[in-house]
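Visitor: Please read through the structure below; I'll follow up with questions.
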Amino acid sequence: MGKDVIIACDFSSADSVFAFLDKFRNEERKPFVKIGMELFYAEGPSIVREIKKRGHKIFLDLKLHDIPNTVKKAMSVLSSLDVDMTNLHAAGTVEMMKAAVEGLTKADGSRPLLIAVTQLTSTSEERMQKELLINASINDTIVKYAENAKSAGLDGVVCSPLESGMVKNACGKAFLTVTPGVRFADGDVGDQVRVTTPKRARETGSDYIVVGRPITQAEDPVKAYRRCCEEFIG
């Protein structure tokens with residue numbers, strides 16, 4: 001499976017996201033895009049269908065986390081949207097993740113990629129230990145959550161690029177790492193604390209990087225996207 005750059009389309013309306021995607025109309029490579037909570041809750045499932053019609057792959061980033069039966073039913077609904085990737089929180093336990101796989105799998109046995117969030121890239125080890133009362137180190141927690149996700153039948157995890165290598169070591173090279181927290185070397189880290197560059201993410205083993213503001217708020221988003229692809233994919 002080839003590496004790819006996923007653009008986080010964290011916009012609040014269909015008009016905003018289409019105005020952004022229009023900039024890429026003449027690009028040979030149609031960007032893989034992430035639709036998160038803000039846009040999905042504002043526009044509903046129709047936004048997924050419209051973006052798919054434009055030829056983009058979609059990562060539907062809703063981070064489900066509930067009792068197993070509820071997650072299974074929700075994933076069953078999402079499976080009809082023809083997205084390419086979706087996710088949930090690994091903290092929901094192995095049972096919940098197994099239920100999610102069941103719900104997401106269509107009658108013909110096919111399903112989108114399903115990945116689990118280990119720890120959000122805005123979470124530091126200090127916050128995890130003091131606020132969430134998780135006494136293990138953040139690295140040990142992330143690896144354990146990844147191992148749980150693999151045992152539940154998921155395809156990979158969301159983690160920071162700094163943790164891709166250890167996840168691969170624990171779960172195998174085929175287990176996907178999807179990594180936000182990517183910034184250009186000369187860029188602003190924003191509200192994330194576990195960050196690195198596209199080039200470094202490639203070196204540490206990330207399969208996909210998720211990049212938002214460095215592209216969406218760039219003076220020339222297409223140029224920024226091309227730069228990101230060049231640094232990450234080569």
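Residue numbering restarts at 1 in every chain; chains get A, B, ... in the order shown in the structure tokens, and ligands count up from 1 in that same order.
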Could you give me, as number ranges by chain, the residues within 12 Å of A:Leu21, counting only C-alpha atoms and dropping anything in the same chain fewer than 3 positions from it?

Guide: A: 7-9, 11, 14-18, 24-27, 30-34, 50-52, 54-56, 215-216, 221-222, 225

Visitor: Which residues, written as number ranges by chain, have at least one atom at most 9 Å from A:Lys73, with only C-alpha atoms counted and residues fewer than 2 positions away on the same chain left out?

Guide: A: 68-71, 75-78, 99-100, 103-104

Visitor: Grab the atom CA of A:Glu102 to atom CA of A:Lys72 distance for me, in Å with one decimal place.

Guide: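 These two atoms are separated by 6.6 Å.
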
Visitor: Between atom CA of A:Val101 and atom CA of A:Asn87, what distance in Å does the model show, to one decimal?

Guide: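 Computing it gives 10.4 Å between the two atoms.
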
Visitor: Considering only alpha helix (DSSP H) as DSSP defines it on the backbone, what residues of stretch 13-229 of chain A qualify? List them as number ranges by chain.

Guide: A: 14-21, 37-43, 46-53, 68-78, 93-104, 125-131, 138-151, 164-171, 198-204, 213-216, 221-229

Visitor: Write to file, as a short mmCIF file (atom, residue, chain, number, x, y, z; two decimals), in the first residue's frame, the residues of the selection just made, with C-alpha atoms.

Guide:
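Output file selection-v7.cif follows:
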data_model
loop_
_atom_site.label_atom_id
_atom_site.label_comp_id
_atom_site.auth_asym_id
_atom_site.auth_seq_id
_atom_site.Cartn_x
_atom_site.Cartn_y
_atom_site.Cartn_z
CA ALA A 14 -20.04 22.79 2.18
CA ASP A 15 -19.39 26.13 0.44
CA SER A 16 -16.07 26.49 2.25
CA VAL A 17 -14.84 22.99 1.49
CA PHE A 18 -15.86 23.14 -2.17
CA ALA A 19 -14.18 26.52 -2.59
CA PHE A 20 -11.03 24.90 -1.22
CA LEU A 21 -11.28 21.73 -3.32
CA MET A 37 -16.81 16.23 13.01
CA GLU A 38 -17.26 19.92 12.28
CA LEU A 39 -18.04 19.49 8.59
CA PHE A 40 -19.98 16.23 8.95
CA TYR A 41 -22.17 17.58 11.72
CA ALA A 42 -22.80 20.79 9.76
CA GLU A 43 -23.67 19.17 6.44
CA SER A 46 -24.52 14.45 1.74
CA ILE A 47 -21.11 16.14 2.03
CA VAL A 48 -19.43 12.73 1.82
CA ARG A 49 -21.34 11.81 -1.32
CA GLU A 50 -20.61 15.14 -3.00
CA ILE A 51 -16.88 14.96 -2.33
CA LYS A 52 -16.79 11.35 -3.55
CA LYS A 53 -18.43 12.47 -6.80
CA PRO A 68 -20.17 -2.05 21.40
CA ASN A 69 -23.73 -2.43 20.12
CA THR A 70 -24.14 1.30 19.48
CA VAL A 71 -20.82 1.49 17.63
CA LYS A 72 -21.70 -1.58 15.57
CA LYS A 73 -24.99 -0.02 14.46
CA ALA A 74 -23.36 3.33 13.72
CA MET A 75 -20.64 1.69 11.63
CA SER A 76 -23.30 -0.20 9.70
CA VAL A 77 -24.81 3.15 8.71
CA LEU A 78 -21.41 4.62 7.80
CA THR A 93 -11.88 -1.68 24.33
CA VAL A 94 -11.27 -4.71 22.10
CA GLU A 95 -14.94 -5.74 22.30
CA MET A 96 -16.07 -2.39 20.93
CA MET A 97 -13.51 -2.51 18.12
CA LYS A 98 -14.57 -6.02 17.11
CA ALA A 99 -18.19 -4.86 17.02
CA ALA A 100 -17.16 -1.94 14.82
CA VAL A 101 -15.53 -4.27 12.30
CA GLU A 102 -18.71 -6.36 12.19
CA GLY A 103 -20.89 -3.32 11.64
CA LEU A 104 -18.65 -1.80 8.98
CA GLU A 125 2.16 12.38 28.81
CA GLU A 126 1.70 14.74 31.76
CA ARG A 127 -1.97 15.36 30.90
CA MET A 128 -2.58 11.68 30.26
CA GLN A 129 -1.23 10.75 33.67
CA LYS A 130 -2.62 13.64 35.73
CA GLU A 131 -6.02 14.05 34.08
CA ILE A 138 2.43 7.47 26.76
CA ASN A 139 4.57 5.24 24.54
CA ASP A 140 3.57 2.06 26.39
CA THR A 141 -0.08 3.11 26.27
CA ILE A 142 0.02 3.77 22.53
CA VAL A 143 1.70 0.44 21.78
CA LYS A 144 -0.81 -1.47 23.96
CA TYR A 145 -3.75 0.29 22.30
CA ALA A 146 -2.27 -0.56 18.89
CA GLU A 147 -1.87 -4.21 19.87
CA ASN A 148 -5.51 -4.24 21.04
CA ALA A 149 -6.61 -2.76 17.71
CA LYS A 150 -4.69 -5.38 15.76
CA SER A 151 -6.16 -8.21 17.85
CA SER A 164 4.98 5.07 14.09
CA GLY A 165 8.19 3.12 14.48
CA MET A 166 7.29 1.57 17.81
CA VAL A 167 3.80 0.67 16.55
CA LYS A 168 5.32 -1.02 13.49
CA ASN A 169 7.79 -2.90 15.69
CA ALA A 170 4.97 -4.18 17.89
CA CYS A 171 2.33 -4.87 15.25
CA PRO A 198 6.58 15.24 6.43
CA LYS A 199 10.12 14.06 5.66
CA ARG A 200 10.64 12.80 9.19
CA ALA A 201 7.22 11.11 9.16
CA ARG A 202 8.31 9.19 6.06
CA GLU A 203 11.52 8.14 7.76
CA THR A 204 9.75 6.93 10.90
CA ARG A 213 -3.64 24.10 8.48
CA PRO A 214 -0.20 23.99 6.81
CA ILE A 215 -2.13 23.31 3.57
CA THR A 216 -5.63 24.74 4.10
CA PRO A 221 -2.70 25.54 -0.84
CA VAL A 222 -1.89 23.63 -4.04
CA LYS A 223 1.80 24.52 -3.75
CA ALA A 224 1.79 23.52 -0.06
CA TYR A 225 0.10 20.21 -0.92
CA ARG A 226 2.65 19.48 -3.64
CA ARG A 227 5.48 20.29 -1.22
CA CYS A 228 3.99 17.96 1.36
CA CYS A 229 3.67 15.12 -1.19
#

Visitor: I need the residues in chain A that are strand (DSSP E or B) according to DSSP; give them as a VMD selection string.

Guide: chain A and resid 4 to 8 32 to 35 58 to 64 85 to 89 113 to 117 156 to 158 176 to 179 182 196 208 to 211

Visitor: With distances taken over only C-alpha atoms, which of A:Asp10, A:Asp82, A:Glu163, A:Glu28 is nearest to A:Leu120?

Guide: A:Glu163

Visitor: I'd like to know which of A:Ser13, A:Ser160, A:Ser122, A:Thr177 is closest to A:Ile35, using only C-alpha atoms.

Guide: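 Among the listed residues, the smallest separation from A:Ile35 belongs to A:Ser13.
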
Visitor: Could you jot down the atom CA of A:Leu60 to atom CA of A:Thr197 separation for me, Å, one decimal place?

Guide: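 Those two atoms sit 23.3 Å apart.
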
Visitor: Quick one: residues within 6 Å of A:Thr86, only C-alpha atoms, excluding same-chain residues fewer than 2 positions away - as a list in words?

Guide: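 Residues meeting the cut-off are Phe59, Leu60, Asp61 and Leu114 of chain A.
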
Visitor: Between A:Ala136, A:Val211, A:Val157, A:Ala185, single out the one closest to A:His89, counting only C-alpha atoms.

Guide: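 Nearest to A:His89: A:Val157.
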
Visitor: Go through A:Ser206, A:Gln119, A:Ser124, A:Ser79 one by one, measure the shortest atom-to-atom distance of each to A:Thr105 using only C-alpha atoms, and give the residue with the smallest value.

Guide: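 Nearest to A:Thr105: A:Ser79.
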